[in-house]
$ cat coords-v4.json   # JSON, C-alpha atoms
[["chain", "number", "residue", "atom", "x", "y", "z"],
["E", 1, "MET", "CA", 125.92, -78.13, 190.64],
["E", 2, "ALA", "CA", 126.17, -79.34, 187.11],
["E", 3, "PRO", "CA", 122.46, -79.03, 186.24],
["E", 4, "LYS", "CA", 122.34, -75.58, 187.84],
["E", 5, "ALA", "CA", 125.32, -74.42, 185.88],
["E", 6, "LYS", "CA", 123.73, -75.71, 182.75],
["E", 7, "LYS", "CA", 120.39, -73.97, 183.40],
["E", 8, "PRO", "CA", 121.73, -70.43, 183.60],
["E", 9, "ALA", "CA", 123.76, -71.17, 180.54],
["E", 10, "ALA", "CA", 120.70, -72.46, 178.75],
["E", 11, "THR", "CA", 118.33, -69.65, 179.84],
["E", 12, "PRO", "CA", 120.44, -66.75, 178.56],
["E", 13, "ALA", "CA", 120.76, -68.58, 175.29],
["E", 14, "LYS", "CA", 116.99, -69.17, 175.20],
["E", 15, "SER", "CA", 116.16, -65.66, 176.30],
["E", 16, "ALA", "CA", 118.62, -64.26, 173.83],
["E", 17, "ALA", "CA", 117.08, -66.14, 170.97],
["E", 18, "PRO", "CA", 113.43, -65.14, 171.59],
["E", 19, "LYS", "CA", 114.53, -61.62, 172.45],
["E", 20, "THR", "CA", 116.25, -61.09, 169.16],
["E", 21, "SER", "CA", 113.28, -62.55, 167.32],
["E", 22, "LYS", "CA", 110.93, -60.31, 169.22],
["E", 23, "ALA", "CA", 113.08, -57.30, 168.53],
["E", 24, "ALA", "CA", 113.08, -58.20, 164.85],
["E", 25, "ALA", "CA", 109.30, -58.59, 164.89],
["E", 26, "LYS", "CA", 108.88, -55.33, 166.71],
["E", 27, "ALA", "CA", 111.14, -53.55, 164.29],
["E", 28, "ALA", "CA", 109.18, -55.03, 161.44],
["E", 29, "ALA", "CA", 105.89, -53.60, 162.83],
["E", 30, "PRO", "CA", 105.09, -49.92, 162.00],
["E", 31, "PRO", "CA", 106.82, -47.48, 164.46],
["E", 32, "LYS", "CA", 103.68, -45.53, 165.53],
["E", 33, "VAL", "CA", 101.84, -48.53, 166.93],
["E", 34, "ASP", "CA", 105.02, -49.77, 168.51],
["E", 35, "ALA", "CA", 105.56, -46.58, 170.55],
["E", 36, "GLY", "CA", 101.89, -46.52, 171.70],
["E", 37, "VAL", "CA", 101.93, -50.14, 172.72],
["E", 38, "VAL", "CA", 105.18, -49.70, 174.62],
["E", 39, "LYS", "CA", 103.86, -46.63, 176.45],
["E", 40, "ALA", "CA", 100.65, -48.36, 177.46],
["E", 41, "LYS", "CA", 102.56, -51.35, 178.66],
["E", 42, "GLU", "CA", 104.87, -49.14, 180.74],
["E", 43, "LYS", "CA", 101.91, -47.31, 182.25],
["E", 44, "ALA", "CA", 100.25, -50.57, 183.17],
["E", 45, "LEU", "CA", 103.36, -51.90, 184.77],
["E", 46, "ARG", "CA", 103.83, -48.71, 186.78],
["E", 47, "ALA", "CA", 100.25, -48.86, 187.98],
["E", 48, "LYS", "CA", 100.69, -52.46, 189.03],
["E", 49, "LYS", "CA", 103.86, -51.58, 190.90],
["E", 50, "SER", "CA", 102.22, -48.74, 192.81],
["E", 51, "VAL", "CA", 99.29, -50.94, 193.74],
["E", 52, "VAL", "CA", 101.53, -53.69, 195.00],
["E", 53, "ARG", "CA", 103.86, -51.36, 196.91],
["E", 54, "GLY", "CA", 101.30, -48.82, 198.07],
["E", 55, "THR", "CA", 101.66, -45.05, 197.70],
["E", 56, "HIS", "CA", 103.65, -43.41, 200.51],
["E", 57, "ASP", "CA", 103.81, -39.83, 199.41],
["E", 58, "LYS", "CA", 104.18, -36.82, 201.71],
["E", 59, "LYS", "CA", 100.95, -35.89, 203.49],
["E", 60, "ASN", "CA", 99.94, -32.26, 202.89],
["E", 61, "ARG", "CA", 99.42, -30.94, 206.40],
["E", 62, "LYS", "CA", 97.51, -27.69, 206.75],
["E", 63, "ILE", "CA", 99.35, -24.83, 208.39],
["E", 64, "ARG", "CA", 97.50, -23.84, 211.56],
["E", 65, "THR", "CA", 98.04, -20.21, 212.48],
["E", 66, "SER", "CA", 95.79, -20.23, 215.58],
["E", 67, "VAL", "CA", 95.58, -22.37, 218.70],
["E", 68, "HIS", "CA", 91.78, -22.63, 218.46],
["E", 69, "PHE", "CA", 89.83, -24.86, 216.14],
["E", 70, "ARG", "CA", 87.03, -22.91, 214.48],
["E", 71, "ARG", "CA", 84.08, -24.71, 212.94],
["E", 72, "PRO", "CA", 84.54, -24.63, 209.16],
["E", 73, "LYS", "CA", 81.80, -22.87, 207.25],
["E", 74, "THR", "CA", 79.74, -25.36, 205.26],
["E", 75, "LEU", "CA", 77.06, -24.91, 202.61],
["E", 76, "LYS", "CA", 73.72, -23.66, 203.97],
["E", 77, "LEU", "CA", 70.93, -24.15, 201.49],
["E", 78, "PRO", "CA", 67.77, -22.05, 201.70],
["E", 79, "ARG", "CA", 64.44, -23.77, 202.29],
["E", 80, "ALA", "CA", 62.70, -25.18, 199.24],
["E", 81, "PRO", "CA", 59.76, -27.12, 200.62],
["E", 82, "LYS", "CA", 58.07, -29.73, 198.48],
["E", 83, "TYR", "CA", 54.70, -28.74, 199.90],
["E", 84, "PRO", "CA", 53.43, -25.96, 202.14],
["E", 85, "ARG", "CA", 52.75, -27.29, 205.63],
["E", 86, "LYS", "CA", 49.52, -25.33, 205.84],
["E", 87, "SER", "CA", 47.37, -25.18, 202.75],
["E", 88, "VAL", "CA", 45.91, -21.80, 203.63],
["E", 89, "ASN", "CA", 47.46, -19.16, 205.83],
["E", 90, "LYS", "CA", 45.32, -17.73, 208.60],
["E", 91, "THR", "CA", 43.32, -14.64, 207.71],
["E", 92, "ASN", "CA", 43.64, -11.62, 209.94],
["E", 93, "LYS", "CA", 40.64, -11.91, 212.21],
["E", 94, "LEU", "CA", 41.34, -8.55, 213.81],
["E", 95, "ASP", "CA", 40.56, -6.29, 210.87],
["E", 96, "GLN", "CA", 39.57, -2.63, 211.08],
["E", 97, "TYR", "CA", 35.90, -3.46, 211.59],
["E", 98, "CYS", "CA", 36.61, -5.71, 214.54],
["E", 99, "LEU", "CA", 39.15, -3.35, 216.07],
["E", 100, "ILE", "CA", 36.82, -0.41, 216.66],
["E", 101, "LYS", "CA", 33.68, -1.61, 218.31],
["E", 102, "TYR", "CA", 31.65, 1.59, 218.80],
["E", 103, "PRO", "CA", 32.10, 5.21, 219.79],
["E", 104, "LEU", "CA", 31.26, 6.29, 223.32],
["E", 105, "THR", "CA", 28.35, 8.70, 223.72],
["E", 106, "THR", "CA", 28.62, 9.57, 227.40],
["E", 107, "GLU", "CA", 28.59, 13.16, 228.60],
["E", 108, "SER", "CA", 32.33, 13.21, 229.26],
["E", 109, "ALA", "CA", 32.91, 11.78, 225.78],
["E", 110, "MET", "CA", 30.75, 14.54, 224.30],
["E", 111, "LYS", "CA", 32.77, 17.11, 226.19],
["E", 112, "LYS", "CA", 35.95, 15.68, 224.67],
["E", 113, "ILE", "CA", 34.51, 15.98, 221.17],
["E", 114, "GLU", "CA", 33.62, 19.65, 221.60],
["E", 115, "ASP", "CA", 36.55, 20.87, 223.64],
["E", 116, "ASN", "CA", 39.54, 18.73, 222.70],
["E", 117, "ASN", "CA", 38.71, 17.65, 219.15],
["E", 118, "THR", "CA", 38.95, 14.00, 220.13],
["E", 119, "LEU", "CA", 36.71, 11.04, 219.50],
["E", 120, "VAL", "CA", 36.30, 8.37, 222.13],
["E", 121, "PHE", "CA", 35.93, 4.77, 221.03],
["E", 122, "ILE", "CA", 35.52, 1.45, 222.68],
["E", 123, "VAL", "CA", 38.12, -0.70, 221.05],
["E", 124, "ASP", "CA", 39.08, -4.38, 221.03],
["E", 125, "LYS", "CA", 41.31, -5.21, 223.97],
["E", 126, "ARG", "CA", 44.00, -6.62, 221.69],
["E", 127, "ALA", "CA", 44.30, -3.39, 219.71],
["E", 128, "ASN", "CA", 47.33, -1.16, 220.11],
["E", 129, "LYS", "CA", 47.74, 2.53, 219.38],
["E", 130, "PRO", "CA", 49.18, 2.35, 215.88],
["E", 131, "MET", "CA", 46.52, -0.17, 214.87],
["E", 132, "ILE", "CA", 43.80, 2.09, 216.24],
["E", 133, "LYS", "CA", 45.25, 5.06, 214.40],
["E", 134, "MET", "CA", 45.27, 3.19, 211.10],
["E", 135, "ALA", "CA", 41.77, 1.80, 211.60],
["E", 136, "VAL", "CA", 40.24, 5.21, 212.38],
["E", 137, "LYS", "CA", 42.00, 6.69, 209.35],
["E", 138, "LYS", "CA", 40.59, 4.00, 207.09],
["E", 139, "LEU", "CA", 37.08, 3.99, 208.47],
["E", 140, "TYR", "CA", 36.43, 7.74, 208.71],
["E", 141, "ASP", "CA", 38.99, 9.21, 206.26],
["E", 142, "ILE", "CA", 40.53, 11.53, 208.80],
["E", 143, "GLU", "CA", 43.97, 12.38, 210.07],
["E", 144, "VAL", "CA", 44.79, 11.35, 213.63],
["E", 145, "ALA", "CA", 47.10, 13.40, 215.81],
["E", 146, "LYS", "CA", 47.53, 10.91, 218.63],
["E", 147, "VAL", "CA", 45.84, 8.04, 220.45],
["E", 148, "ASN", "CA", 45.61, 7.47, 224.18],
["E", 149, "THR", "CA", 44.28, 4.22, 225.51],
["E", 150, "LEU", "CA", 43.19, 2.78, 228.80],
["E", 151, "ILE", "CA", 41.50, -0.41, 229.92],
["E", 152, "ARG", "CA", 38.26, 0.11, 231.77],
["E", 153, "PRO", "CA", 37.38, -1.77, 234.91],
["E", 154, "ASP", "CA", 34.95, -3.87, 232.88],
["E", 155, "CYS", "CA", 37.85, -5.09, 230.74],
["E", 156, "GLU", "CA", 37.09, -3.00, 227.69],
["E", 157, "LYS", "CA", 39.68, -0.80, 226.04],
["E", 158, "LYS", "CA", 38.86, 2.85, 225.63],
["E", 159, "ALA", "CA", 40.73, 4.89, 223.06],
["E", 160, "TYR", "CA", 40.87, 8.70, 223.04],
["E", 161, "VAL", "CA", 41.63, 9.54, 219.44],
["E", 162, "ARG", "CA", 42.78, 13.13, 219.01],
["E", 163, "ILE", "CA", 42.09, 14.28, 215.51],
["E", 164, "ALA", "CA", 44.32, 16.56, 213.46],
["E", 165, "PRO", "CA", 43.36, 20.26, 213.75],
["E", 166, "ASP", "CA", 42.26, 20.53, 210.12],
["E", 167, "TYR", "CA", 39.39, 18.13, 210.80],
["E", 168, "ASP", "CA", 36.43, 18.73, 213.11],
["E", 169, "ALA", "CA", 35.48, 16.04, 215.60],
["E", 170, "LEU", "CA", 31.95, 17.37, 215.89],
["E", 171, "ASP", "CA", 31.31, 16.96, 212.17],
["E", 172, "ILE", "CA", 32.65, 13.44, 212.16],
["E", 173, "ALA", "CA", 30.65, 12.52, 215.23],
["E", 174, "ASN", "CA", 27.44, 13.76, 213.61],
["E", 175, "LYS", "CA", 28.23, 11.90, 210.42],
["E", 176, "VAL", "CA", 28.96, 8.69, 212.27],
["E", 177, "CYS", "CA", 26.01, 8.53, 214.59],
["E", 178, "CYS", "CA", 23.31, 9.92, 212.34],
["E", 179, "ASP", "CA", 24.02, 7.73, 209.30],
["G", 1, "ALA", "CA", 17.63, -8.95, 202.37],
["G", 2, "LYS", "CA", 18.44, -12.39, 203.62],
["G", 3, "VAL", "CA", 21.84, -13.66, 202.50],
["G", 4, "LYS", "CA", 21.59, -17.26, 201.39],
["G", 5, "ALA", "CA", 24.55, -19.57, 201.10],
["G", 6, "LYS", "CA", 23.20, -21.09, 197.90],
["G", 7, "GLU", "CA", 23.39, -17.73, 196.15],
["G", 8, "LEU", "CA", 26.84, -17.07, 197.55],
["G", 9, "ARG", "CA", 28.44, -20.21, 196.21],
["G", 10, "GLY", "CA", 28.18, -19.14, 192.59],
["G", 11, "LYS", "CA", 29.96, -15.86, 193.15],
["G", 12, "LYS", "CA", 33.61, -15.08, 192.59],
["G", 13, "LYS", "CA", 36.05, -14.39, 195.37],
["G", 14, "GLU", "CA", 36.26, -10.62, 194.76],
["G", 15, "GLU", "CA", 32.49, -10.33, 194.83],
["G", 16, "LEU", "CA", 32.30, -12.28, 198.06],
["G", 17, "LEU", "CA", 34.98, -10.17, 199.68],
["G", 18, "LYS", "CA", 33.21, -7.00, 198.61],
["G", 19, "GLN", "CA", 29.94, -8.29, 200.04],
["G", 20, "LEU", "CA", 31.76, -9.16, 203.24],
["G", 21, "ASP", "CA", 33.11, -5.65, 203.45],
["G", 22, "ASP", "CA", 29.64, -4.14, 202.94],
["G", 23, "LEU", "CA", 28.13, -6.35, 205.60],
["G", 24, "LYS", "CA", 30.82, -5.45, 208.08],
["G", 25, "LYS", "CA", 30.26, -1.74, 207.41],
["G", 26, "GLU", "CA", 26.57, -2.24, 208.02],
["G", 27, "LEU", "CA", 27.33, -4.03, 211.25],
["G", 28, "GLN", "CA", 29.44, -1.11, 212.41],
["G", 29, "ILE", "CA", 26.62, 1.32, 211.70],
["G", 30, "LEU", "CA", 24.19, -0.87, 213.61],
["G", 31, "ARG", "CA", 26.48, -1.07, 216.60],
["G", 32, "VAL", "CA", 26.78, 2.70, 216.69],
["G", 33, "ALA", "CA", 22.99, 2.89, 216.50],
["G", 34, "LYS", "CA", 22.79, 0.55, 219.46],
["G", 35, "VAL", "CA", 24.94, 2.90, 221.52],
["G", 36, "THR", "CA", 23.15, 6.08, 220.43],
["G", 37, "GLY", "CA", 19.71, 4.65, 221.10],
["G", 38, "GLY", "CA", 18.53, 3.31, 217.75],
["G", 39, "ALA", "CA", 15.17, 1.95, 216.66],
["G", 40, "ALA", "CA", 14.19, -1.58, 217.57],
["G", 41, "ALA", "CA", 14.27, -2.63, 213.91],
["G", 42, "LYS", "CA", 17.92, -1.66, 213.69],
["G", 43, "LEU", "CA", 18.82, -3.48, 216.87],
["G", 44, "GLY", "CA", 17.11, -6.64, 215.68],
["G", 45, "LYS", "CA", 19.03, -6.49, 212.44],
["G", 46, "ILE", "CA", 22.35, -6.88, 214.24],
["G", 47, "TYR", "CA", 21.76, -10.60, 214.65],
["G", 48, "THR", "CA", 20.93, -11.23, 210.99],
["G", 49, "VAL", "CA", 23.89, -9.21, 209.74],
["G", 50, "ARG", "CA", 26.25, -11.06, 212.07],
["G", 51, "LYS", "CA", 25.03, -14.37, 210.77],
["G", 52, "SER", "CA", 25.30, -13.19, 207.16],
["G", 53, "VAL", "CA", 28.91, -12.25, 207.77],
["G", 54, "ALA", "CA", 29.48, -15.74, 209.13],
["G", 55, "ARG", "CA", 27.80, -17.28, 206.12],
["G", 56, "VAL", "CA", 29.95, -15.34, 203.64],
["G", 57, "LEU", "CA", 33.13, -16.24, 205.50],
["G", 58, "THR", "CA", 32.10, -19.89, 205.55],
["G", 59, "VAL", "CA", 31.45, -19.95, 201.82],
["G", 60, "ILE", "CA", 34.76, -18.24, 201.10],
["G", 61, "LYS", "CA", 36.66, -20.69, 203.24],
["G", 62, "GLN", "CA", 34.84, -23.72, 201.87],
["G", 63, "THR", "CA", 35.40, -22.83, 198.22],
["G", 64, "GLN", "CA", 39.02, -22.03, 198.93],
["G", 65, "LYS", "CA", 39.60, -25.38, 200.61],
["G", 66, "ASP", "CA", 37.74, -27.19, 197.85],
["G", 67, "ASN", "CA", 39.85, -25.59, 195.13],
["G", 68, "LEU", "CA", 43.03, -26.43, 196.99],
["G", 69, "ARG", "CA", 41.98, -30.03, 197.32],
["G", 70, "LYS", "CA", 41.37, -30.17, 193.59],
["G", 71, "PHE", "CA", 44.75, -28.63, 192.94],
["G", 72, "TYR", "CA", 46.56, -31.15, 195.12],
["G", 73, "ARG", "CA", 44.55, -34.18, 194.08],
["G", 74, "LYS", "CA", 47.13, -35.76, 191.80],
["G", 75, "LYS", "CA", 50.19, -34.65, 193.72],
["G", 76, "THR", "CA", 52.22, -36.86, 196.01],
["G", 77, "HIS", "CA", 53.08, -34.23, 198.58],
["G", 78, "LYS", "CA", 50.01, -32.52, 199.98],
["G", 79, "PRO", "CA", 49.83, -29.99, 202.76],
["G", 80, "LYS", "CA", 49.27, -31.68, 206.06],
["G", 81, "ASP", "CA", 45.77, -30.36, 206.58],
["G", 82, "LEU", "CA", 44.68, -31.79, 203.23],
["G", 83, "ARG", "CA", 45.85, -35.28, 204.12],
["G", 84, "GLN", "CA", 43.80, -37.95, 205.82],
["G", 85, "LYS", "CA", 43.35, -37.11, 209.47],
["G", 86, "LYS", "CA", 42.43, -40.61, 210.80],
["G", 87, "THR", "CA", 44.37, -40.97, 214.08],
["G", 88, "ARG", "CA", 48.04, -40.48, 214.92],
["G", 89, "ALA", "CA", 48.54, -44.22, 215.36],
["G", 90, "LEU", "CA", 46.80, -45.09, 212.11],
["G", 91, "ARG", "CA", 48.88, -42.59, 210.18],
["G", 92, "ARG", "CA", 52.03, -44.26, 211.46],
["G", 93, "ALA", "CA", 50.82, -47.80, 210.84],
["G", 94, "LEU", "CA", 52.16, -49.99, 208.03],
["G", 95, "THR", "CA", 50.65, -49.31, 204.62],
["G", 96, "PRO", "CA", 48.60, -52.09, 202.96],
["G", 97, "TYR", "CA", 51.49, -52.74, 200.58],
["G", 98, "GLU", "CA", 53.96, -53.04, 203.45],
["G", 99, "LEU", "CA", 51.63, -55.45, 205.22],
["G", 100, "SER", "CA", 51.32, -57.62, 202.13],
["G", 101, "LEU", "CA", 55.10, -58.13, 201.80],
["G", 102, "LYS", "CA", 56.18, -61.68, 202.55],
["G", 103, "SER", "CA", 59.58, -63.17, 203.18],
["G", 104, "LYS", "CA", 61.08, -65.65, 200.81],
["G", 105, "LYS", "CA", 60.60, -68.35, 203.41],
["G", 106, "GLU", "CA", 56.92, -67.57, 203.73],
["G", 107, "LEU", "CA", 56.40, -67.46, 199.97],
["G", 108, "ARG", "CA", 58.07, -70.83, 199.64],
["G", 109, "LYS", "CA", 55.85, -72.32, 202.32],
["G", 110, "GLN", "CA", 52.75, -70.91, 200.64],
["G", 111, "ARG", "CA", 53.74, -72.36, 197.33],
["G", 112, "LEU", "CA", 54.63, -75.78, 198.69],
["G", 113, "TYR", "CA", 51.79, -76.19, 201.19],
["G", 114, "PRO", "CA", 48.75, -74.40, 199.86],
["G", 115, "LEU", "CA", 45.42, -74.69, 201.60],
["G", 116, "ARG", "CA", 43.72, -77.75, 200.23],
["G", 117, "LYS", "CA", 40.04, -78.27, 199.97],
["G", 118, "TYR", "CA", 38.62, -81.66, 200.67],
["G", 119, "ALA", "CA", 35.19, -83.01, 200.00],
["G", 120, "VAL", "CA", 33.47, -85.97, 201.44],
["G", 121, "LYS", "CA", 32.08, -88.33, 198.85],
["G", 122, "GLU", "CA", 28.49, -89.12, 199.52]]

$ encode --input "coords-v4.json" --output "structure tokens"
Amino acid sequence: MAPKAKKPAATPAKSAAPKTSKAAAKAAAPPKVDAGVVKAKEKALRAKKSVVRGTHDKKNRKIRTSVHFRRPKTLKLPRAPKYPRKSVNKTNKLDQYCLIKYPLTTESAMKKIEDNNTLVFIVDKRANKPMIKMAVKKLYDIEVAKVNTLIRPDCEKKAYVRIAPDYDALDIANKVCCD
Amino acid sequence: AKVKAKELRGKKKEELLKQLDDLKKELQILRVAKVTGGAAAKLGKIYTVRKSVARVLTVIKQTQKDNLRKFYRKKTHKPKDLRQKKTRALRRALTPYELSLKSKKELRKQRLYPLRKYAVKE
């Protein structure tokens, strides 16, 4: 008991002595540095404390206003390829020249030209009416009223191209076949 | 006029495309002639014009591909049709660098126990 009693008695005395000296030294040092040093020391001690104890602050829970969970919208970047997959894109193999193969020159076709102001063409099977219209316009510089198509029994597509009334099918037919 | 590929290769793209257009127009006229009972000379010409069209298209495509290959020569990422075709398995095989990699253990063995050459003294 005796040594223990002595120790506490000794330590306050010891601590008192260095403390006072320290205080004196601190006071002696310039005040600006003193404040900065003290602050930094406090900060460090606080950080150490929080690390040792662990932070147990309140968790911010989101307020859910609906029963359903909806997928959150994330960032969707547009494509920016580093290289094109194909070096060259395919050319259109079915151009106006391939579309319209040749005009028909049968008797019924001739009748159509005279009576109904229409031209009759044999056309590629993959052609459709708007394509035929555009092709005839480009090739013969005429206005087309409408196009009717059918597929013949020998698997060829026949197109009846009715021409606008301000053009004459007979003229065009003569120009086409006698060139 | 016979269209020769050698003459075509010097031309520019616009010229080639224009020539292609002209040839196709001619082909159309010939096909119409075929239907309306044309002369034998015209009908025979269909074949040559068809082949000329093919020749022009070939030259266009070849020069285009060639230019693209030149453009992508130094680049790391090339379009897939400009890369080596080889075979599917070969394309997925280890590269020569990857094959040459050795483990530390192997390197150590090589260093410690190299292949020795012996000679018999006559």

$ closest_atom_pairs --input "coords-v4.json" --of "chain E" --to "chain G" --cutoff "9 Å" --atoms "only C-alpha atoms" --output "tab-separated table"
residue	atom	partner	partner_atom	distance
E:Lys82	CA	G:His77	CA	6.7
E:Tyr83	CA	G:Pro79	CA	5.8
E:Pro84	CA	G:Pro79	CA	5.4
E:Arg85	CA	G:Pro79	CA	4.9
E:Lys86	CA	G:Pro79	CA	5.6
E:Ser87	CA	G:Pro79	CA	5.4
E:Val88	CA	G:Lys65	CA	7.9
E:Tyr97	CA	G:Lys24	CA	6.5
E:Cys98	CA	G:Lys24	CA	8.7
E:Ile100	CA	G:Gln28	CA	8.5
E:Lys101	CA	G:Gln28	CA	7.3
E:Tyr102	CA	G:Val32	CA	5.4
E:Pro103	CA	G:Val32	CA	6.6
E:Leu104	CA	G:Val35	CA	7.4
E:Thr105	CA	G:Thr36	CA	6.7
E:Leu139	CA	G:Lys25	CA	9.0
E:Val176	CA	G:Ile29	CA	7.8
E:Cys177	CA	G:Val32	CA	6.2
E:Cys178	CA	G:Ala33	CA	8.2
E:Asp179	CA	G:Ile29	CA	7.3

$ residues_around --input "coords-v4.json" --residues "Leu8 (chain G)" --least-positions-apart "6" --cutoff "8 Å" --atoms "all atoms listed in the file" --output "CSV table (one decimal) with C-alpha atoms, keeping the file's coordinate frame"
chain,number,residue,atom,x,y,z
G,16,LEU,CA,32.3,-12.3,198.1
G,56,VAL,CA,30.0,-15.3,203.6
G,59,VAL,CA,31.4,-20.0,201.8

$ atom_distance --input "coords-v4.json" --atom1 "CA of Leu77 (chain E)" --atom2 "CA of Lys62 (chain E)"
27.3 Å

$ residues_around --input "coords-v4.json" --residues "Glu156 (chain E)" --least-positions-apart "3" --cutoff "10 Å" --atoms "only C-alpha atoms" --output "VMD selection string"
chain E and resid 122 to 126 150 to 153 159

$ closest_residue --input "coords-v4.json" --among "G:Leu115, G:Arg9, G:Lys4, G:Ile46" --to "Thr63 (chain G)" --atoms "all atoms listed in the file"
G:Arg9

$ residues_around --input "coords-v4.json" --residues "Gln19 (chain G)" --least-positions-apart "4" --cutoff "12 Å" --atoms "only C-alpha atoms" --output "PyMOL selection string"
chain G and resi 3+8+11-15+23-26+49+52-57+59-60

$ write_last_selection --input "coords-v4.json" --atoms "C-alpha atoms" --output "PDB file, in the coordinates of the input"
ATOM      1  CA  VAL G   3      21.840 -13.660 202.500  1.00  0.00           C
ATOM      2  CA  LEU G   8      26.840 -17.070 197.550  1.00  0.00           C
ATOM      3  CA  LYS G  11      29.960 -15.860 193.150  1.00  0.00           C
ATOM      4  CA  LYS G  12      33.610 -15.080 192.590  1.00  0.00           C
ATOM      5  CA  LYS G  13      36.050 -14.390 195.370  1.00  0.00           C
ATOM      6  CA  GLU G  14      36.260 -10.620 194.760  1.00  0.00           C
ATOM      7  CA  GLU G  15      32.490 -10.330 194.830  1.00  0.00           C
ATOM      8  CA  LEU G  23      28.130  -6.350 205.600  1.00  0.00           C
ATOM      9  CA  LYS G  24      30.820  -5.450 208.080  1.00  0.00           C
ATOM     10  CA  LYS G  25      30.260  -1.740 207.410  1.00  0.00           C
ATOM     11  CA  GLU G  26      26.570  -2.240 208.020  1.00  0.00           C
ATOM     12  CA  VAL G  49      23.890  -9.210 209.740  1.00  0.00           C
ATOM     13  CA  SER G  52      25.300 -13.190 207.160  1.00  0.00           C
ATOM     14  CA  VAL G  53      28.910 -12.250 207.770  1.00  0.00           C
ATOM     15  CA  ALA G  54      29.480 -15.740 209.130  1.00  0.00           C
ATOM     16  CA  ARG G  55      27.800 -17.280 206.120  1.00  0.00           C
ATOM     17  CA  VAL G  56      29.950 -15.340 203.640  1.00  0.00           C
ATOM     18  CA  LEU G  57      33.130 -16.240 205.500  1.00  0.00           C
ATOM     19  CA  VAL G  59      31.450 -19.950 201.820  1.00  0.00           C
ATOM     20  CA  ILE G  60      34.760 -18.240 201.100  1.00  0.00           C
TER      21      ILE G  60
END

$ atom_distance --input "coords-v4.json" --atom1 "CA of Asn174 (chain E)" --atom2 "CA of Met134 (chain E)"
20.9 Å

$ residues_near_point --input "coords-v4.json" --point "(41.1, 3.1, 214.5)" --cutoff "7 Å" --atoms "only C-alpha atoms" --output "list in words"
Gln96, Leu99, Ile100, Met131, Ile132, Lys133, Met134, Ala135, Val136 and Lys137 of chain E

$ atom_distance --input "coords-v4.json" --atom1 "CA of Asp166 (chain E)" --atom2 "CA of Glu143 (chain E)"
8.3 Å
